[in-house]
Amino acid sequence: MLEKLISVDVSLLNFIRSIINPDSILQVELVKFFADFWVFYVALLLVWLWLFWVYLKKDKPKEKALWLFYSIAFSFLIYVILNLWLPLRPRPETVSAIRPLVDHLPDNSFPSWHAIFAWAAILASFFFCWKKWIIMSLVVVLSLMLVSRIIAWIHYPSDIFVGLIIWFIWSFVIFKLSNKNIFTKYLIPYPIKFAKFFKL
């Protein structure tokens, strides 16, 4: 059964990779761009929104920004813990002669940290009532990122899918913790007070 699933996973990986022509400089550069663009996009989005809310002198939206930050931070913690317990799965580039489009360390492919991060950002923004344009922009950018990382031969489709499931479950945990004292008394108000000290 497991061998069958792995075979389907590899077949799907090859199919998705065939979407682009690796000899096309434009297509390759677009894949490279979208494979890591999320780092800059989400960081710039959070900084811009925070400064915009400083300008409007509103604290409630800052709380939502902090929830998104904590969701992403906790997703990284979950990823590190999983990597200690789950078996190592080599990246596609290490088990084939196909060179990846994006250079990457030959570390563990399963599950995808990028997928866990992507869904952390999307679900956190959904749970904590952000504006629709923020949610949709995250969905578009992060979906492009996930597909690009498969096309780039960095991840198997199942790496992305399992990352989605892991964070979907964990997002509900974060949502349930949103009313706990550690968040309402410490992790949310103190960073806002600290930022205000620096006029931020």
# chains A, B, ... in the order shown; residues from 1 in each chain; ligands from 1

call {"tool": "residues_around", "arguments": {"residues": "Leu164 in chain A", "least_positions_apart": "3", "cutoff": "12 Å", "atoms": "only C-alpha atoms", "output": "list in words"}}
result
Ser75, Tyr79, Phe110, Pro111, Ser112, Trp113, His114, Ala115, Ile116, Phe117, Ala118, Trp119, Ala120, Ala121, Ile122, Leu123, Leu142, Ser143, Leu146, Pro157, Ser158, Asp159, Ile160, Phe161, Trp167, Phe168, Ile169, Trp170 and Ser171 of chain A

call {"tool": "write_last_selection", "arguments": {"atoms": "C-alpha atoms", "output": "PDB file, in the first residue's frame"}}
result
ATOM      1  CA  SER A  75       4.196  26.246  13.068  1.00  0.00           C
ATOM      2  CA  TYR A  79       7.931  21.423  12.187  1.00  0.00           C
ATOM      3  CA  PHE A 110       8.727  15.505   4.585  1.00  0.00           C
ATOM      4  CA  PRO A 111       6.683  17.351   5.671  1.00  0.00           C
ATOM      5  CA  SER A 112       7.060  20.683   3.913  1.00  0.00           C
ATOM      6  CA  TRP A 113       7.798  23.597   6.261  1.00  0.00           C
ATOM      7  CA  HIS A 114       6.675  25.942   3.499  1.00  0.00           C
ATOM      8  CA  ALA A 115       3.291  24.197   3.368  1.00  0.00           C
ATOM      9  CA  ILE A 116       2.893  24.337   7.135  1.00  0.00           C
ATOM     10  CA  PHE A 117       3.801  28.021   7.075  1.00  0.00           C
ATOM     11  CA  ALA A 118       1.463  28.747   4.161  1.00  0.00           C
ATOM     12  CA  TRP A 119      -1.568  27.267   5.842  1.00  0.00           C
ATOM     13  CA  ALA A 120      -0.598  28.824   9.158  1.00  0.00           C
ATOM     14  CA  ALA A 121      -0.757  32.249   7.543  1.00  0.00           C
ATOM     15  CA  ILE A 122      -3.982  31.575   5.621  1.00  0.00           C
ATOM     16  CA  LEU A 123      -5.935  29.911   8.434  1.00  0.00           C
ATOM     17  CA  LEU A 142       1.176  31.038  -1.040  1.00  0.00           C
ATOM     18  CA  SER A 143      -0.551  28.686  -3.512  1.00  0.00           C
ATOM     19  CA  LEU A 146       3.615  25.642  -2.999  1.00  0.00           C
ATOM     20  CA  PRO A 157       3.129  16.655  -3.614  1.00  0.00           C
ATOM     21  CA  SER A 158       2.513  14.575  -0.473  1.00  0.00           C
ATOM     22  CA  ASP A 159       4.997  16.740   1.460  1.00  0.00           C
ATOM     23  CA  ILE A 160       2.764  19.714   0.719  1.00  0.00           C
ATOM     24  CA  PHE A 161      -0.479  17.834   1.387  1.00  0.00           C
ATOM     25  CA  TRP A 167      -1.294  22.787  10.229  1.00  0.00           C
ATOM     26  CA  PHE A 168      -5.041  22.547   9.674  1.00  0.00           C
ATOM     27  CA  ILE A 169      -5.246  20.536  12.901  1.00  0.00           C
ATOM     28  CA  TRP A 170      -2.778  22.757  14.762  1.00  0.00           C
ATOM     29  CA  SER A 171      -4.563  25.939  13.688  1.00  0.00           C
TER      30      SER A 171
END

call {"tool": "closest_atom_pairs", "arguments": {"of": "range 100-155 of chain A", "to": "range 25-40 of chain A", "cutoff": "10 Å", "atoms": "only C-alpha atoms", "output": "Markdown table"}}
result
| residue | atom | partner | partner_atom | distance |
| --- | --- | --- | --- | --- |
| A:Leu101 | CA | A:Val28 | CA | 6.8 |
| A:Val102 | CA | A:Lys32 | CA | 6.0 |
| A:Asp103 | CA | A:Lys32 | CA | 9.4 |
| A:His114 | CA | A:Trp38 | CA | 8.9 |
| A:Phe117 | CA | A:Trp38 | CA | 9.6 |
| A:Ala118 | CA | A:Trp38 | CA | 8.4 |
| A:Leu138 | CA | A:Trp38 | CA | 8.7 |
| A:Val141 | CA | A:Trp38 | CA | 6.7 |
| A:Leu142 | CA | A:Trp38 | CA | 6.3 |
| A:Ser143 | CA | A:Phe34 | CA | 9.3 |
| A:Leu144 | CA | A:Phe34 | CA | 6.1 |
| A:Met145 | CA | A:Ala35 | CA | 4.7 |
| A:Leu146 | CA | A:Ala35 | CA | 7.0 |
| A:Val147 | CA | A:Ala35 | CA | 8.0 |
| A:Ser148 | CA | A:Ala35 | CA | 5.1 |
| A:Arg149 | CA | A:Ala35 | CA | 5.3 |
| A:Ile150 | CA | A:Ala35 | CA | 8.9 |
| A:Ile151 | CA | A:Val31 | CA | 7.3 |
| A:Ala152 | CA | A:Val31 | CA | 6.7 |
| A:Ile154 | CA | A:Ala35 | CA | 9.5 |

call {"tool": "closest_atom_pairs", "arguments": {"of": "range 61-110 of chain A", "to": "range 6-23 of chain A", "cutoff": "10 Å", "atoms": "only C-alpha atoms", "output": "JSON lines"}}
result
{"residue": "A:Pro92", "atom": "CA", "partner": "A:Val10", "partner_atom": "CA", "distance": 8.7}
{"residue": "A:Arg99", "atom": "CA", "partner": "A:Pro22", "partner_atom": "CA", "distance": 9.9}
{"residue": "A:Pro100", "atom": "CA", "partner": "A:Pro22", "partner_atom": "CA", "distance": 9.8}
{"residue": "A:Leu101", "atom": "CA", "partner": "A:Pro22", "partner_atom": "CA", "distance": 8.0}

call {"tool": "write_last_selection", "arguments": {"atoms": "C-alpha atoms", "output": "PDB file, in the first residue's frame"}}
result
ATOM      1  CA  PRO A  92      13.413  14.443  -5.114  1.00  0.00           C
ATOM      2  CA  ARG A  99      18.579  18.888 -11.233  1.00  0.00           C
ATOM      3  CA  PRO A 100      16.252  21.081  -9.113  1.00  0.00           C
ATOM      4  CA  LEU A 101      15.430  24.547 -10.408  1.00  0.00           C
TER       5      LEU A 101
END

call {"tool": "closest_residue", "arguments": {"among": "A:Leu68, A:Lys4, A:Leu56, A:Ile98", "to": "Trp153 in chain A", "atoms": "only C-alpha atoms"}}
result
A:Ile98

call {"tool": "decode", "arguments": {"residues": "range 67-109 of chain A", "atoms": "N, CA and C atoms", "output": "tab-separated table (two decimals), in the first residue's frame"}}
result
chain	number	residue	atom	x	y	z
A	67	TRP	N	-1.35	37.57	16.28
A	67	TRP	CA	-1.86	36.20	16.17
A	67	TRP	C	-1.29	35.51	14.95
A	68	LEU	N	-1.20	36.23	13.86
A	68	LEU	CA	-0.61	35.66	12.65
A	68	LEU	C	0.86	35.31	12.90
A	69	PHE	N	1.57	36.23	13.55
A	69	PHE	CA	2.98	35.99	13.87
A	69	PHE	C	3.14	34.76	14.76
A	70	TYR	N	2.33	34.66	15.82
A	70	TYR	CA	2.44	33.52	16.72
A	70	TYR	C	2.07	32.21	16.02
A	71	SER	N	1.08	32.26	15.15
A	71	SER	CA	0.70	31.06	14.40
A	71	SER	C	1.85	30.55	13.56
A	72	ILE	N	2.55	31.47	12.88
A	72	ILE	CA	3.69	31.10	12.06
A	72	ILE	C	4.84	30.59	12.94
A	73	ALA	N	5.08	31.28	14.07
A	73	ALA	CA	6.16	30.87	14.97
A	73	ALA	C	5.90	29.48	15.54
A	74	PHE	N	4.67	29.22	15.96
A	74	PHE	CA	4.34	27.90	16.49
A	74	PHE	C	4.42	26.83	15.40
A	75	SER	N	4.11	27.22	14.16
A	75	SER	CA	4.20	26.25	13.07
A	75	SER	C	5.64	25.78	12.89
A	76	PHE	N	6.58	26.70	13.07
A	76	PHE	CA	7.99	26.33	12.97
A	76	PHE	C	8.37	25.37	14.09
A	77	LEU	N	7.86	25.61	15.29
A	77	LEU	CA	8.12	24.73	16.43
A	77	LEU	C	7.59	23.33	16.15
A	78	ILE	N	6.37	23.25	15.62
A	78	ILE	CA	5.78	21.95	15.28
A	78	ILE	C	6.62	21.24	14.24
A	79	TYR	N	7.09	22.00	13.25
A	79	TYR	CA	7.93	21.42	12.19
A	79	TYR	C	9.21	20.83	12.77
A	80	VAL	N	9.86	21.54	13.68
A	80	VAL	CA	11.10	21.06	14.30
A	80	VAL	C	10.83	19.78	15.08
A	81	ILE	N	9.74	19.74	15.84
A	81	ILE	CA	9.39	18.56	16.63
A	81	ILE	C	9.12	17.37	15.72
A	82	LEU	N	8.36	17.59	14.65
A	82	LEU	CA	8.06	16.51	13.72
A	82	LEU	C	9.32	15.95	13.07
A	83	ASN	N	10.27	16.82	12.77
A	83	ASN	CA	11.51	16.36	12.15
A	83	ASN	C	12.34	15.49	13.09
A	84	LEU	N	12.10	15.61	14.39
A	84	LEU	CA	12.80	14.76	15.34
A	84	LEU	C	12.22	13.36	15.38
A	85	TRP	N	10.94	13.23	15.02
A	85	TRP	CA	10.25	11.95	15.17
A	85	TRP	C	9.94	11.24	13.86
A	86	LEU	N	9.69	12.00	12.81
A	86	LEU	CA	9.34	11.37	11.54
A	86	LEU	C	10.58	10.87	10.82
A	87	PRO	N	10.44	9.80	10.04
A	87	PRO	CA	11.61	9.29	9.29
A	87	PRO	C	12.04	10.27	8.21
A	88	LEU	N	13.33	10.27	7.92
A	88	LEU	CA	13.88	11.15	6.91
A	88	LEU	C	13.44	10.72	5.52
A	89	ARG	N	12.94	11.68	4.75
A	89	ARG	CA	12.61	11.40	3.35
A	89	ARG	C	13.49	12.28	2.47
A	90	PRO	N	14.36	11.69	1.66
A	90	PRO	CA	15.23	12.49	0.80
A	90	PRO	C	14.42	13.34	-0.17
A	91	ARG	N	14.95	14.48	-0.52
A	91	ARG	CA	14.29	15.34	-1.51
A	91	ARG	C	14.37	14.70	-2.88
A	92	PRO	N	13.43	15.05	-3.78
A	92	PRO	CA	13.41	14.44	-5.11
A	92	PRO	C	14.75	14.51	-5.85
A	93	GLU	N	15.48	15.59	-5.65
A	93	GLU	CA	16.74	15.79	-6.35
A	93	GLU	C	17.79	14.75	-5.97
A	94	THR	N	17.67	14.18	-4.76
A	94	THR	CA	18.68	13.23	-4.29
A	94	THR	C	18.44	11.80	-4.77
A	95	VAL	N	17.25	11.54	-5.31
A	95	VAL	CA	16.93	10.18	-5.77
A	95	VAL	C	16.68	10.14	-7.27
A	96	SER	N	17.07	11.19	-7.96
A	96	SER	CA	16.91	11.22	-9.41
A	96	SER	C	18.05	12.02	-10.03
A	97	ALA	N	18.14	11.92	-11.33
A	97	ALA	CA	19.20	12.64	-12.04
A	97	ALA	C	18.76	14.04	-12.45
A	98	ILE	N	17.52	14.40	-12.11
A	98	ILE	CA	16.98	15.71	-12.49
A	98	ILE	C	17.48	16.76	-11.52
A	99	ARG	N	18.07	17.81	-12.07
A	99	ARG	CA	18.58	18.89	-11.23
A	99	ARG	C	17.44	19.82	-10.83
A	100	PRO	N	17.33	20.17	-9.54
A	100	PRO	CA	16.25	21.08	-9.11
A	100	PRO	C	16.45	22.47	-9.70
A	101	LEU	N	15.36	23.19	-9.87
A	101	LEU	CA	15.43	24.55	-10.41
A	101	LEU	C	15.88	25.55	-9.35
A	102	VAL	N	15.70	25.18	-8.09
A	102	VAL	CA	16.09	26.04	-6.97
A	102	VAL	C	17.08	25.27	-6.11
A	103	ASP	N	18.24	25.86	-5.86
A	103	ASP	CA	19.24	25.20	-5.02
A	103	ASP	C	18.72	25.07	-3.60
A	104	HIS	N	18.95	23.89	-3.01
A	104	HIS	CA	18.44	23.64	-1.67
A	104	HIS	C	19.33	22.62	-0.98
A	105	LEU	N	19.44	22.74	0.33
A	105	LEU	CA	20.18	21.75	1.10
A	105	LEU	C	19.49	20.39	0.97
A	106	PRO	N	20.25	19.31	0.86
A	106	PRO	CA	19.64	17.97	0.73
A	106	PRO	C	19.16	17.43	2.07
A	107	ASP	N	18.24	18.17	2.71
A	107	ASP	CA	17.75	17.75	4.02
A	107	ASP	C	16.41	17.04	3.87
A	108	ASN	N	15.66	16.99	4.97
A	108	ASN	CA	14.39	16.26	4.97
A	108	ASN	C	13.33	16.97	4.12
A	109	SER	N	12.66	16.18	3.30
A	109	SER	CA	11.63	16.73	2.42
A	109	SER	C	10.23	16.68	3.04
